[in-house]
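Engineer: The structure that follows is given in the form of structure tokens.
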Amino acid sequence: MPRPIRDPGTARAVVRAEVDHGEAELVGDPDRPLGWTLIVNGTAQSHVDLADPEHLEFEYVRRMGHVVDLVADPWTPLRALHLGGGAWTLPRYLGATRPGSAQLVVELDAALIDLVATRLPAEDTGLAVTSGDARARLAERPAASADLLVLDVFAGARTPAHLTSTEFVADVRRVLAADGVYLANVADGGDLGFARDQVATATEHFAEITVIAAPDLLAGRRFGNVVLVASSRPLPVEELARRTAADPFRARVLSGREIQDFTRGAQVRRDRSSTPSPIPPAGFFGQ
């Protein structure tokens with residue numbers, strides 16, 4: 001989930017369409033002639049610039065982009081599975097920075113896929129996009145078939161409960177290659193109880209865990225996005241820290257003992273007890 005969007009009254013153009021799960025809007029970016037923000041049921045979901053797929057507007061997506069840059073040598077193609085489509089921002093970025101990558105995007109809303117494909121086409125990117133439930137489509141994927149697996153699924157402004165459990169993460173681990181990387185967007189605020197549980201849940205399946213988040217979010221002063229990075233191989237923590245510290249919106253990178261401290265007292269989520277991510281405060285994420 002991104003930061004709040006600009007007032008639509010300042011937008012270059014607005015396109016509205018009914019989709020399978022409500023109403024979608026494409027709001028033109030007044031600062032970028034081919035830039036668009038996708039809003040679904042009042043929640044800003046994605047920003048893309050058709051002229052510059054390497055531009056990442058939302059701060060949490062920029063942090064994910066740093067991970068994409070560092071998971072393999074520059075320009076090396078990756079096998080990527082994206083659970084959650086939106087306007088395909090990160091898949092476009094990966095396609096531009098790692099040409100030849102084999103990417104599958106899973107989006108529940110088939111009408112939204114049609115809208116994005118028509119209005120914001122991603123031609124010559126090699127993207128394959130399919131509709132369906134993220135967990136069901138994950139279960140269909142072969143073992144060790146992905147180098148990178150990205151979870152960025154929201155029903156409205158919340159991640160569904162069935163994508164927050166240890167059973168779900170076990171299937172993520174099955175689909176990833178031995179040295180693959182799991183990258184998840186976790187929305188939370190306050191004491192970050194949900195995010196702490198999500199990190200604890202990931203530690204059941206991955207030896208290496210890193211968390212990227214804004215300092216004020218980690219301090220409990222606002223709601224926002226925690227980026228969870230998990231793998232069975234060492235992660236590029238030092239370089240991630242350098243890059244995120246240099247961003248316009250600075251972030252901290254937690255690893256090692258900091259992750260132990262972050263998850264102290266947290267609970268592993270299981271299917272029988274999992275819950276959706278918290279409801280964001282009114283007015284957040286463009287609601």
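Just remember, in the structure tokens the first chain shown is A, the second B, etc., residues are 1-based per chain, and ligands are 1-based in the order shown.
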Leaving out A:Ala195 and any residue of its chain fewer than 3 positions from it, which residues lie within 10 Å of it when counting only C-alpha atoms, given as a PyMOL selection string?

Structural biologist: chain A and resi 164+185-189+191-192+198-201+211+225-228+262-263+266+277-278

Engineer: Might you pull out every residue within 8 Å of stretch 131-147 of chain A, with only C-alpha atoms counted and same-chain residues fewer than 6 positions away left off, and present them as a ChimeraX atom specification?

Structural biologist: /A:78-81,83-84,106-110,113,153,162-163,168,171-172,174-181

Engineer: Would you please give, as an mmCIF file with N, CA and C atoms, in the first residue's frame, all residues of stretch 87-272 of chain A that DSSP assigns to strand (DSSP E or B) based on the backbone?

Structural biologist:
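Okay, part_24.cif is ready:
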```
data_model
loop_
_atom_site.group_PDB
_atom_site.id
_atom_site.type_symbol
_atom_site.label_atom_id
_atom_site.label_comp_id
_atom_site.auth_asym_id
_atom_site.auth_seq_id
_atom_site.Cartn_x
_atom_site.Cartn_y
_atom_site.Cartn_z
ATOM 1 N N ALA A 102 11.388 -14.086 -16.681
ATOM 2 C CA ALA A 102 10.108 -14.783 -16.841
ATOM 3 C C ALA A 102 9.242 -14.439 -15.636
ATOM 4 N N GLN A 103 8.163 -13.689 -15.869
ATOM 5 C CA GLN A 103 7.352 -13.194 -14.765
ATOM 6 C C GLN A 103 5.887 -13.583 -14.920
ATOM 7 N N LEU A 104 5.293 -14.028 -13.813
ATOM 8 C CA LEU A 104 3.863 -14.302 -13.752
ATOM 9 C C LEU A 104 3.252 -13.430 -12.673
ATOM 10 N N VAL A 105 2.202 -12.694 -13.038
ATOM 11 C CA VAL A 105 1.470 -11.839 -12.108
ATOM 12 C C VAL A 105 0.105 -12.463 -11.856
ATOM 13 N N VAL A 106 -0.267 -12.613 -10.587
ATOM 14 C CA VAL A 106 -1.570 -13.160 -10.207
ATOM 15 C C VAL A 106 -2.408 -12.040 -9.610
ATOM 16 N N GLU A 107 -3.576 -11.794 -10.201
ATOM 17 C CA GLU A 107 -4.503 -10.753 -9.737
ATOM 18 C C GLU A 107 -5.905 -11.358 -9.666
ATOM 19 N N LEU A 127 5.631 -10.054 -19.562
ATOM 20 C CA LEU A 127 4.751 -10.356 -18.440
ATOM 21 C C LEU A 127 3.634 -11.305 -18.856
ATOM 22 N N ALA A 128 3.360 -12.281 -18.004
ATOM 23 C CA ALA A 128 2.158 -13.092 -18.120
ATOM 24 C C ALA A 128 1.286 -12.755 -16.922
ATOM 25 N N VAL A 129 0.014 -12.491 -17.162
ATOM 26 C CA VAL A 129 -0.902 -12.096 -16.091
ATOM 27 C C VAL A 129 -2.082 -13.051 -16.084
ATOM 28 N N THR A 130 -2.440 -13.553 -14.902
ATOM 29 C CA THR A 130 -3.561 -14.474 -14.782
ATOM 30 C C THR A 130 -4.451 -14.038 -13.627
ATOM 31 N N SER A 131 -5.735 -14.349 -13.715
ATOM 32 C CA SER A 131 -6.663 -14.025 -12.629
ATOM 33 C C SER A 131 -6.838 -15.245 -11.737
ATOM 34 N N ALA A 146 10.650 -20.442 -8.861
ATOM 35 C CA ALA A 146 10.784 -18.980 -8.805
ATOM 36 C C ALA A 146 12.059 -18.589 -8.071
ATOM 37 N N ASP A 147 12.720 -17.558 -8.583
ATOM 38 C CA ASP A 147 13.866 -16.970 -7.895
ATOM 39 C C ASP A 147 13.434 -15.851 -6.945
ATOM 40 N N LEU A 148 12.304 -15.239 -7.259
ATOM 41 C CA LEU A 148 11.764 -14.130 -6.486
ATOM 42 C C LEU A 148 10.256 -14.294 -6.396
ATOM 43 N N LEU A 149 9.718 -14.206 -5.171
ATOM 44 C CA LEU A 149 8.274 -14.285 -4.975
ATOM 45 C C LEU A 149 7.834 -13.067 -4.182
ATOM 46 N N VAL A 150 6.944 -12.279 -4.769
ATOM 47 C CA VAL A 150 6.505 -11.015 -4.179
ATOM 48 C C VAL A 150 5.047 -11.127 -3.742
ATOM 49 N N LEU A 151 4.772 -10.809 -2.489
ATOM 50 C CA LEU A 151 3.406 -10.756 -1.969
ATOM 51 C C LEU A 151 3.028 -9.301 -1.738
ATOM 52 N N ALA A 155 -7.182 -6.778 -0.262
ATOM 53 C CA ALA A 155 -8.606 -6.725 -0.546
ATOM 54 C C ALA A 155 -9.091 -5.438 0.106
ATOM 55 N N ARG A 158 -6.652 -4.201 3.097
ATOM 56 C CA ARG A 158 -6.176 -5.215 4.040
ATOM 57 C C ARG A 158 -5.685 -6.459 3.299
ATOM 58 N N LEU A 176 9.815 -21.412 -4.131
ATOM 59 C CA LEU A 176 11.087 -20.708 -4.337
ATOM 60 C C LEU A 176 12.237 -21.695 -4.562
ATOM 61 N N ALA A 177 13.187 -21.271 -5.373
ATOM 62 C CA ALA A 177 14.434 -22.005 -5.512
ATOM 63 C C ALA A 177 15.178 -21.997 -4.178
ATOM 64 N N ALA A 178 16.185 -22.867 -4.063
ATOM 65 C CA ALA A 178 16.907 -23.003 -2.794
ATOM 66 C C ALA A 178 17.456 -21.674 -2.308
ATOM 67 N N ASP A 179 17.915 -20.819 -3.235
ATOM 68 C CA ASP A 179 18.458 -19.512 -2.854
ATOM 69 C C ASP A 179 17.509 -18.378 -3.220
ATOM 70 N N GLY A 180 16.220 -18.691 -3.380
ATOM 71 C CA GLY A 180 15.242 -17.683 -3.767
ATOM 72 C C GLY A 180 14.942 -16.699 -2.648
ATOM 73 N N VAL A 181 14.273 -15.609 -3.018
ATOM 74 C CA VAL A 181 13.987 -14.520 -2.080
ATOM 75 C C VAL A 181 12.483 -14.255 -2.039
ATOM 76 N N TYR A 182 11.947 -14.168 -0.836
ATOM 77 C CA TYR A 182 10.548 -13.829 -0.588
ATOM 78 C C TYR A 182 10.488 -12.368 -0.161
ATOM 79 N N LEU A 183 9.620 -11.605 -0.802
ATOM 80 C CA LEU A 183 9.498 -10.164 -0.582
ATOM 81 C C LEU A 183 8.035 -9.848 -0.343
ATOM 82 N N ALA A 184 7.692 -9.330 0.848
ATOM 83 C CA ALA A 184 6.292 -9.116 1.203
ATOM 84 C C ALA A 184 6.069 -7.699 1.713
ATOM 85 N N ASN A 185 4.947 -7.127 1.304
ATOM 86 C CA ASN A 185 4.504 -5.825 1.796
ATOM 87 C C ASN A 185 3.519 -6.049 2.931
ATOM 88 N N VAL A 186 3.858 -5.560 4.113
ATOM 89 C CA VAL A 186 3.033 -5.753 5.308
ATOM 90 C C VAL A 186 2.595 -4.384 5.814
ATOM 91 N N ALA A 187 1.292 -4.157 5.886
ATOM 92 C CA ALA A 187 0.763 -2.869 6.353
ATOM 93 C C ALA A 187 0.378 -2.980 7.825
ATOM 94 N N ASP A 188 0.846 -2.014 8.624
ATOM 95 C CA ASP A 188 0.568 -2.070 10.055
ATOM 96 C C ASP A 188 0.878 -0.713 10.676
ATOM 97 N N GLU A 208 17.264 -16.437 6.933
ATOM 98 C CA GLU A 208 17.694 -15.042 6.871
ATOM 99 C C GLU A 208 16.481 -14.131 6.702
ATOM 100 N N ILE A 209 16.337 -13.174 7.589
ATOM 101 C CA ILE A 209 15.194 -12.255 7.579
ATOM 102 C C ILE A 209 15.700 -10.826 7.708
ATOM 103 N N THR A 210 15.137 -9.950 6.892
ATOM 104 C CA THR A 210 15.422 -8.521 6.984
ATOM 105 C C THR A 210 14.101 -7.758 6.920
ATOM 106 N N VAL A 211 14.022 -6.673 7.651
ATOM 107 C CA VAL A 211 12.848 -5.805 7.662
ATOM 108 C C VAL A 211 13.294 -4.400 7.267
ATOM 109 N N ILE A 212 12.536 -3.774 6.378
ATOM 110 C CA ILE A 212 12.813 -2.397 5.955
ATOM 111 C C ILE A 212 11.580 -1.551 6.262
ATOM 112 N N ALA A 213 11.766 -0.460 7.003
ATOM 113 C CA ALA A 213 10.631 0.400 7.351
ATOM 114 C C ALA A 213 11.137 1.767 7.780
ATOM 115 N N GLY A 224 1.750 2.417 8.251
ATOM 116 C CA GLY A 224 2.506 2.408 7.005
ATOM 117 C C GLY A 224 2.904 1.020 6.565
ATOM 118 N N ASN A 225 3.972 0.949 5.770
ATOM 119 C CA ASN A 225 4.388 -0.287 5.127
ATOM 120 C C ASN A 225 5.699 -0.808 5.695
ATOM 121 N N VAL A 226 5.682 -2.052 6.096
ATOM 122 C CA VAL A 226 6.876 -2.777 6.497
ATOM 123 C C VAL A 226 7.204 -3.741 5.359
ATOM 124 N N VAL A 227 8.413 -3.663 4.826
ATOM 125 C CA VAL A 227 8.843 -4.578 3.773
ATOM 126 C C VAL A 227 9.618 -5.714 4.425
ATOM 127 N N LEU A 228 9.116 -6.936 4.236
ATOM 128 C CA LEU A 228 9.721 -8.142 4.777
ATOM 129 C C LEU A 228 10.500 -8.836 3.665
ATOM 130 N N VAL A 229 11.774 -9.134 3.928
ATOM 131 C CA VAL A 229 12.623 -9.849 2.975
ATOM 132 C C VAL A 229 13.107 -11.117 3.659
ATOM 133 N N ALA A 230 12.941 -12.274 3.006
ATOM 134 C CA ALA A 230 13.312 -13.546 3.621
ATOM 135 C C ALA A 230 13.972 -14.448 2.590
ATOM 136 N N SER A 231 14.956 -15.216 3.040
ATOM 137 C CA SER A 231 15.648 -16.137 2.156
ATOM 138 C C SER A 231 16.370 -17.181 2.998
ATOM 139 N N ARG A 252 14.973 2.402 7.812
ATOM 140 C CA ARG A 252 15.920 1.569 8.553
ATOM 141 C C ARG A 252 15.840 0.136 8.051
ATOM 142 N N VAL A 253 16.956 -0.574 8.161
ATOM 143 C CA VAL A 253 17.020 -1.986 7.793
ATOM 144 C C VAL A 253 17.369 -2.776 9.049
ATOM 145 N N LEU A 254 16.483 -3.687 9.444
ATOM 146 C CA LEU A 254 16.704 -4.522 10.621
ATOM 147 C C LEU A 254 17.163 -5.904 10.192
#
```

Engineer: Smallest atom-to-atom distance to A:His205: which of A:Pro281, A:Val61, A:Arg173, A:Gly220, using only C-alpha atoms?

Structural biologist: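 So, comparing all the options, the nearest one is A:Arg173.
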
Engineer: From the options A:Gly35, A:Pro236, A:Pro74, A:Gly256, which residue's atoms come nearest to A:Arg119, counting only C-alpha atoms?

Structural biologist: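 Answer, going by the shortest atom-to-atom distance: A:Gly35.
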
Engineer: What parts of stretch 61-97 of chain A does DSSP call alpha helix (DSSP H)? I'd like the answer as a list in words.

Structural biologist: Val61, Arg62, Arg63, Met64, Gly65, His66, Val67, Val68, Asp69, Leu70, Thr89, Leu90, Pro91, Arg92, Tyr93, Leu94, Gly95, Ala96 and Thr97 of chain A

Engineer: Measure the distance from atom CA of A:Pro276 to atom CA of A:Gly156 in Å and round it to one decimal.

Structural biologist: 11.1 Å

Engineer: With only C-alpha atoms as the basis for distance, which of A:Met64, A:Leu217, A:Ala170, A:Ala202 is at the shortest distance from A:Thr244?

Structural biologist: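 Among the listed residues, the smallest separation from A:Thr244 belongs to A:Met64.
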
Engineer: At a cut-off of 12 Å, using only C-alpha atoms, what residues contact stretch 22-32 of chain A? Leave out same-chain residues fewer than 4 positions from it and give the result as a PyMOL selection string.

Structural biologist: chain A and resi 5-18+36-52+55+57+86-87+109-116+118-120+155-156+286

Engineer: Do a neighbour search on A:Arg270 at 8 Å with only C-alpha atoms, toss out local chain neighbours closer than 2 positions, and write the hits as a PyMOL selection string.

Structural biologist: chain A and resi 164-167+268+272-274

Engineer: Dump all heavy atoms for the selected residues as a PDB file, in the first residue's frame?

Structural biologist:
```
ATOM      1  N   THR A 164      -1.566 -14.873   5.379  1.00  0.00           N
ATOM      2  CA  THR A 164      -0.769 -14.422   6.525  1.00  0.00           C
ATOM      3  C   THR A 164      -0.296 -15.574   7.410  1.00  0.00           C
ATOM      4  O   THR A 164       0.316 -15.316   8.443  1.00  0.00           O
ATOM      5  CB  THR A 164      -1.566 -13.431   7.389  1.00  0.00           C
ATOM      6  OG1 THR A 164      -2.637 -14.126   8.050  1.00  0.00           O
ATOM      7  CG2 THR A 164      -2.140 -12.288   6.559  1.00  0.00           C
ATOM      8  N   SER A 165      -0.543 -16.816   7.019  1.00  0.00           N
ATOM      9  CA  SER A 165      -0.291 -17.955   7.900  1.00  0.00           C
ATOM     10  C   SER A 165       1.005 -18.679   7.576  1.00  0.00           C
ATOM     11  O   SER A 165       1.570 -18.544   6.483  1.00  0.00           O
ATOM     12  CB  SER A 165      -1.449 -18.951   7.806  1.00  0.00           C
ATOM     13  OG  SER A 165      -1.453 -19.580   6.533  1.00  0.00           O
ATOM     14  N   THR A 166       1.462 -19.490   8.523  1.00  0.00           N
ATOM     15  CA  THR A 166       2.667 -20.284   8.296  1.00  0.00           C
ATOM     16  C   THR A 166       2.456 -21.327   7.203  1.00  0.00           C
ATOM     17  O   THR A 166       3.401 -21.675   6.483  1.00  0.00           O
ATOM     18  CB  THR A 166       3.137 -20.952   9.609  1.00  0.00           C
ATOM     19  OG1 THR A 166       4.421 -21.539   9.405  1.00  0.00           O
ATOM     20  CG2 THR A 166       2.153 -21.996  10.097  1.00  0.00           C
ATOM     21  N   GLU A 167       1.232 -21.813   7.054  1.00  0.00           N
ATOM     22  CA  GLU A 167       0.958 -22.758   5.975  1.00  0.00           C
ATOM     23  C   GLU A 167       1.124 -22.097   4.610  1.00  0.00           C
ATOM     24  O   GLU A 167       1.651 -22.707   3.667  1.00  0.00           O
ATOM     25  CB  GLU A 167      -0.459 -23.328   6.121  1.00  0.00           C
ATOM     26  CG  GLU A 167      -0.647 -24.241   7.322  1.00  0.00           C
ATOM     27  CD  GLU A 167      -1.048 -23.499   8.598  1.00  0.00           C
ATOM     28  OE1 GLU A 167      -0.979 -22.240   8.626  1.00  0.00           O
ATOM     29  OE2 GLU A 167      -1.422 -24.172   9.569  1.00  0.00           O
ATOM     30  N   VAL A 268       3.445 -16.983  15.875  1.00  0.00           N
ATOM     31  CA  VAL A 268       3.374 -17.521  14.524  1.00  0.00           C
ATOM     32  C   VAL A 268       1.904 -17.677  14.145  1.00  0.00           C
ATOM     33  O   VAL A 268       1.121 -18.283  14.882  1.00  0.00           O
ATOM     34  CB  VAL A 268       4.102 -18.881  14.437  1.00  0.00           C
ATOM     35  CG1 VAL A 268       3.874 -19.530  13.079  1.00  0.00           C
ATOM     36  CG2 VAL A 268       5.589 -18.692  14.706  1.00  0.00           C
ATOM     37  N   ARG A 272      -5.740 -21.641  11.273  1.00  0.00           N
ATOM     38  CA  ARG A 272      -6.889 -21.638  12.188  1.00  0.00           C
ATOM     39  C   ARG A 272      -7.002 -20.361  13.011  1.00  0.00           C
ATOM     40  O   ARG A 272      -8.059 -20.079  13.595  1.00  0.00           O
ATOM     41  CB  ARG A 272      -6.820 -22.849  13.114  1.00  0.00           C
ATOM     42  CG  ARG A 272      -5.631 -22.842  14.055  1.00  0.00           C
ATOM     43  CD  ARG A 272      -5.653 -24.046  14.994  1.00  0.00           C
ATOM     44  NE  ARG A 272      -4.521 -24.062  15.900  1.00  0.00           N
ATOM     45  CZ  ARG A 272      -3.345 -24.610  15.633  1.00  0.00           C
ATOM     46  NH1 ARG A 272      -3.173 -25.207  14.456  1.00  0.00           N
ATOM     47  NH2 ARG A 272      -2.362 -24.586  16.524  1.00  0.00           N
ATOM     48  N   SER A 273      -5.925 -19.567  13.059  1.00  0.00           N
ATOM     49  CA  SER A 273      -5.943 -18.365  13.893  1.00  0.00           C
ATOM     50  C   SER A 273      -5.526 -17.101  13.144  1.00  0.00           C
ATOM     51  O   SER A 273      -5.380 -16.046  13.758  1.00  0.00           O
ATOM     52  CB  SER A 273      -5.012 -18.559  15.098  1.00  0.00           C
ATOM     53  OG  SER A 273      -3.680 -18.791  14.673  1.00  0.00           O
ATOM     54  N   SER A 274      -5.335 -17.201  11.828  1.00  0.00           N
ATOM     55  CA  SER A 274      -4.856 -16.031  11.078  1.00  0.00           C
ATOM     56  C   SER A 274      -5.956 -14.997  10.925  1.00  0.00           C
ATOM     57  O   SER A 274      -7.150 -15.313  10.928  1.00  0.00           O
ATOM     58  CB  SER A 274      -4.337 -16.466   9.707  1.00  0.00           C
ATOM     59  OG  SER A 274      -5.361 -17.077   8.952  1.00  0.00           O
TER      60      SER A 274
END
```

Engineer: As a PyMOL selection string, please: the residues near A:Pro77 (cut-off 9 Å, only C-alpha atoms, same-chain neighbours under 3 positions excluded).

Structural biologist: chain A and resi 72+74+94-95+97-102

Engineer: One decimal, Å: what's the distance from atom CA of A:Ala251 over to atom CA of A:Pro215, could you say?

Structural biologist: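 These atoms are spaced 6.1 Å apart.
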